[in-house]
Every structure is written in structure tokens, then in C-alpha cells.
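Worksheet: the structure to be examined is printed underneath.
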Amino acid sequence: MRAPAPRFASNDGVIDAAGAALGPWLIDAREHVGEVALVVDRANLVPAMIALRDTKGLEYQQLMEIAGVDYPERDERFEVVYCLLSLTRNHRLHVHVSTDEDKPVPSVTGLWPVAGWLEREVYDLYGVLFSGNSDLRRILTDYGFRGHPLRKDFPLTGYTELRYSEEEKRVVYEPVKLAQDFRNFDFQSPWEGAEYVLPGDEKGAQPEGKGAQTPASADAVKRAGAAPDKTAAANAPESKTTESPKQTGAGQPHPGNKAEDKPKDPDVVPSKGGGQNQ
């Protein structure tokens with residue numbers, strides 16, 4: 001099956017051609033996972049980019065992206081990565097430049113105007129400075145934002161938070177206040193007879209409605225699962241049992257059913273000719 005898009009050109013000869021075009025400006029060149037990366041001297045970034053764009057056999061006409069990377073353990077902790085595309089050769093290339101918080105990177109907005117927005121993004125998120133960019137402002141974070149959020153040492157909660165104030169009828173900025181402090185958790189199960197009151201258990205102390213089920217306490221659960229006490233069973237009162245019909249009175253006439261116990265003048269009106277009650 002044919003690929004739905006044109007395949008990229010091979011990397012064969014790209015590093016040699018780039019080394020010949022850049023000369024001493026090229027610090028390192030490597031091929032990894034099918035991609036070619038060139039490490040270029042920061043001070044000579046602009047002439048190196050011109051050579052990669054205009055040299056025959058390279059011709060990387062388009063700047064596709066500028067990305068930032070933070071390596072806090074390095075002296076120059078930041079890397080600025082330029083992703084180039086050659087339309088004539090259908091090939092991509094990465095150019096790496098290293099810097100720190102103070103040393104600016106030469107801007108390439110004179111070669112590719114789109115770099116103005118991309119450099120602002122790297123500045124906003126990492127704090128990398130670009131000399132020659134006439135509009136180096138934040139582009140993703142809000143006004144008055146402190147710090148650069150993609151640095152490895154930037155706190156996850158940030159420094160400030162914003163909310164809408166009903167009193168002032170506007171969005172206000174406040175220092176970050178964590179809603180819950182870090183706690184030392186006790187992993188003892190509450191079903192094992194914990195003596196302390198867990199958060200939320202105070203609701204169980206409120207009176208329940210009529211007919212509500214009464215929860216068994218931990219002591220009651222332990223007593224229910226314990227072995228029977230033989231001493232308590234011996235001192236228990238003897239239960240009443242029946243072993244014969246005489247003890248229940250079964251088969252004997254009811255005392256009030258005898259003929260002499262019937263009333264002398266029954267409260268019954270005799271019918272003519274007698275009836276079943278006479």
C-alpha cells in the first residue's frame with residue numbers, strides 16, 4: 001500500500017553538507033531516531049540559518065516551529081530548538097542553540113517573520129531572551145504573571161491565583177493559598193476499633209429519625225464474633241419447655257363449656273316450634 005503522503009528524503013549526506021556550509025559555526029551534529037540535529041554557536045545563529053536556507057542542496061526555506069527545553073543541571077540550562085523544513089527536498093532539520101537566563105539569543109525575525117510569535121512563546125514560558133525582537137512580550141500568560149511556567153523549578157501551584165470578586169465586581173489577583181495542608185495519614189482501618197473520630201464521623205452523633213437502623217459499635221461486633229461463654233450459659237435461667245399434651249392442656253374441655261356453667265336465663269328469644277337453639 002502506498003503512503004498517503006510523500007515520504008521524507010533520506011538523511012544521507014545531510015550532516016556532511018551542513019558541516020561544509022556552516023564550518024566553525026557547527027558545534028555538533030548527530031542523527032537520532034531518524035532525525036538530524038545540528039548544534040550551532042549562539043552568536044552565529046543568524047548567518048548559520050542563512051546558510052541552511054540558501055545553500056544549494058540544503059535549502060531549508062521554512063521555519064516551522066521554535067521550541068524550548070530546560071535542563072536545570074547544565075550551566076546553560078536552556079536549549080532553543082528550531083525546526084526547519086525544505087520544501088524542494090522534502091526534508092526536516094533541527095537546529096539547537098544553548099543559553100541561560102541572561103544571555104540573549106539572536107532573533108531570526110529578519111529571516112522568517114513568523115519567528116516573532118514563536119520567540120515570544122519561548123520567552124513567556126521559559127524566560128529566554130531574544131535580541132533583535134522588537135515586540136518581546138508575554139503571549140500565553142496573563143498580565144502581571146510572575147515567573148515562567150515551563151521551567152522545571154516553577155511550582156505547580158504557581159505564585160498567584162485569580163478569582164472574580166463580588167465585592168469589587170472584577171477579577172482580582174491574590175497569592176496562592178492552598179485549600180488543604182499536607183497531612184500525616186493514619187492508615188488504621190476505622191472498622192478495627194479506632195479510638196479517634198475520623199473527619200465526617202461527627203455526623204453520626206446527630207439523632208437519627210424514628211425507625212432508623214442503629215449501627216453496631218466495634219465492641220458489639222467483637223462480642224458477636226467471640227466464642228460462647230460456658231460460665232454464663234450455666235448460670236442462665238432455665239427456659240420453659242413442654243414435653244407432653246398434659247402440660248399444654250390439649251384435649252381437655254374448657255372450664256366454661258360445662259352445662260352447669262351456662263346461664264339460667266339465656267338471652268335468647270324462643271321461636272315458635274322451637275329452633276336449633278332450644
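We label chains A, B, ... in the order they appear in the C-alpha cells, count residues from 1 in each chain, and number ligands from 1 in the order shown.
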Close residues, stretch 25-36 of chain A itself excluded, 8 Å, only C-alpha atoms, min 4 positions apart in chain, as a PyMOL selection string: chain A and resi 11+14-15+19+40-41+44-45+48+92-94
Spatial neighbours of stretch 51-58 of chain A, max dist 8 Å, only C-alpha atoms, sep filter under 5 positions, as a ChimeraX atom specification: /A:14,17-18,21-22,86,89
Within 12 Å of A:Tyr71 using only C-alpha atoms, minus same-chain residues under 4 positions, as a PDB file with C-alpha atoms, in the first residue's frame:
```
ATOM      1  CA  ASP A  75      25.393  25.719  33.177  1.00  0.00           C
ATOM      2  CA  GLU A  76      23.436  26.935  30.167  1.00  0.00           C
ATOM      3  CA  ARG A  77      20.181  25.330  31.175  1.00  0.00           C
ATOM      4  CA  PHE A  78      18.026  26.261  28.172  1.00  0.00           C
ATOM      5  CA  GLU A  79      18.024  24.937  24.638  1.00  0.00           C
ATOM      6  CA  VAL A  80      16.186  26.692  21.829  1.00  0.00           C
ATOM      7  CA  SER A  98      22.003  26.730  24.218  1.00  0.00           C
ATOM      8  CA  THR A  99      21.728  29.730  26.563  1.00  0.00           C
ATOM      9  CA  ASP A 100      20.849  30.751  30.135  1.00  0.00           C
ATOM     10  CA  TYR A 126      10.998  29.718  29.699  1.00  0.00           C
ATOM     11  CA  LEU A 150       7.590  25.627  31.887  1.00  0.00           C
ATOM     12  CA  ARG A 151      10.786  25.891  33.892  1.00  0.00           C
ATOM     13  CA  LYS A 152      11.487  22.747  35.880  1.00  0.00           C
ATOM     14  CA  ASP A 153      11.789  24.695  39.139  1.00  0.00           C
TER      15      ASP A 153
END
```
Interatomic distance (Å, one decimal) between atom CA of A:Thr157 and atom CA of A:Arg120: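 For atom CA of A:Thr157 relative to atom CA of A:Arg120, the distance reads 23.1 Å.
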Backbone-only DSSP, strand (DSSP E) members of stretch 71-202 of chain A, as a ChimeraX atom specification: /A:78-86,91-99,105-106,130-131,160-165,170-175
DSSP-assigned helix (DSSP H, G or I) among stretch 74-163 of chain A, expressed as a PyMOL selection string: chain A and resi 115-126
12 Å contact set for A:Val46, only C-alpha atoms, chain neighbours under 6 positions out, as a list in words: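 The residues that qualify are Leu22, Trp25, Val40, Leu52, Arg53, Tyr82, Val95, Val97, Val105, Pro106, Ser107, Val108, Thr109, Gly110, Leu111, Trp112, Phe130, Ser131 and Gly132 of chain A.
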Would you save the residues of that selection, restricted to N, CA and C atoms, as a tab-separated table (two decimals), in the first residue's frame?
```
chain	number	residue	atom	x	y	z
A	22	LEU	N	28.33	25.31	7.18
A	22	LEU	CA	28.42	26.07	8.42
A	22	LEU	C	29.86	26.25	8.90
A	25	TRP	N	30.91	27.37	12.70
A	25	TRP	CA	29.68	27.66	13.45
A	25	TRP	C	29.00	26.40	13.96
A	40	VAL	N	24.48	24.61	17.01
A	40	VAL	CA	25.11	25.75	16.37
A	40	VAL	C	25.54	26.76	17.44
A	52	LEU	N	21.86	27.66	5.91
A	52	LEU	CA	20.97	26.50	5.76
A	52	LEU	C	19.81	26.80	4.82
A	53	ARG	N	19.41	28.04	4.74
A	53	ARG	CA	18.29	28.39	3.86
A	53	ARG	C	18.72	28.53	2.41
A	82	TYR	N	15.10	24.98	16.74
A	82	TYR	CA	14.45	25.50	15.54
A	82	TYR	C	14.17	24.32	14.61
A	95	VAL	N	17.77	22.58	14.55
A	95	VAL	CA	18.94	23.38	14.91
A	95	VAL	C	18.83	23.73	16.39
A	97	VAL	N	20.37	25.58	19.94
A	97	VAL	CA	21.19	26.65	20.48
A	97	VAL	C	21.01	26.64	21.99
A	105	VAL	N	19.52	35.26	22.82
A	105	VAL	CA	19.70	34.53	21.56
A	105	VAL	C	19.36	35.48	20.41
A	106	PRO	N	20.18	35.55	19.38
A	106	PRO	CA	19.85	36.44	18.25
A	106	PRO	C	18.51	36.06	17.62
A	107	SER	N	17.70	37.05	17.36
A	107	SER	CA	16.39	36.81	16.76
A	107	SER	C	16.53	36.52	15.26
A	108	VAL	N	15.65	35.64	14.77
A	108	VAL	CA	15.63	35.30	13.34
A	108	VAL	C	14.40	35.88	12.66
A	109	THR	N	13.82	36.91	13.28
A	109	THR	CA	12.63	37.53	12.67
A	109	THR	C	12.96	38.20	11.34
A	110	GLY	N	14.24	38.58	11.11
A	110	GLY	CA	14.60	39.16	9.82
A	110	GLY	C	14.60	38.13	8.70
A	111	LEU	N	14.73	36.84	9.04
A	111	LEU	CA	14.68	35.77	8.04
A	111	LEU	C	13.28	35.23	7.87
A	112	TRP	N	12.60	35.00	9.00
A	112	TRP	CA	11.25	34.46	8.99
A	112	TRP	C	10.40	35.31	9.93
A	130	PHE	N	15.58	37.21	23.55
A	130	PHE	CA	15.93	37.24	22.13
A	130	PHE	C	16.28	38.67	21.75
A	131	SER	N	17.53	38.86	21.39
A	131	SER	CA	17.97	40.19	20.97
A	131	SER	C	17.56	40.43	19.52
A	132	GLY	N	16.99	41.60	19.25
A	132	GLY	CA	16.55	41.92	17.91
A	132	GLY	C	15.06	41.75	17.71
```
Pairwise distance for atom CA of A:Gln61 and atom CA of A:Asn133, rounded to one decimal in Å: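 Those two atoms sit 20.4 Å apart.
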Which residues are close to A:Leu125, i.e. within 6 Å by only C-alpha atoms, leaving aside same-chain residues fewer than 3 positions away? Reply as a PDB file with N, CA and C atoms, in the first residue's frame.
```
ATOM      1  N   VAL A 122       8.502  31.226  23.554  1.00  0.00           N
ATOM      2  CA  VAL A 122       9.629  30.669  24.309  1.00  0.00           C
ATOM      3  C   VAL A 122      10.023  31.615  25.437  1.00  0.00           C
ATOM      4  N   HIS A 148       8.086  31.874  34.930  1.00  0.00           N
ATOM      5  CA  HIS A 148       7.925  31.242  33.616  1.00  0.00           C
ATOM      6  C   HIS A 148       7.493  29.801  33.845  1.00  0.00           C
ATOM      7  N   PRO A 149       6.275  29.436  33.461  1.00  0.00           N
ATOM      8  CA  PRO A 149       5.650  28.199  33.950  1.00  0.00           C
ATOM      9  C   PRO A 149       6.249  26.897  33.447  1.00  0.00           C
ATOM     10  N   LEU A 150       7.039  26.891  32.372  1.00  0.00           N
ATOM     11  CA  LEU A 150       7.590  25.627  31.887  1.00  0.00           C
ATOM     12  C   LEU A 150       9.008  25.367  32.379  1.00  0.00           C
TER      13      LEU A 150
END
```
Atom CA of A:Ile139 to atom CA of A:Ala43, distance in Å rounded to a single decimal: 25.5 Å
Residues within 12 Å of A:Gly144, only C-alpha atoms, excluding chain neighbours under 5 positions, as a PyMOL selection string: chain A and resi 124+137-139+159-162+172-174
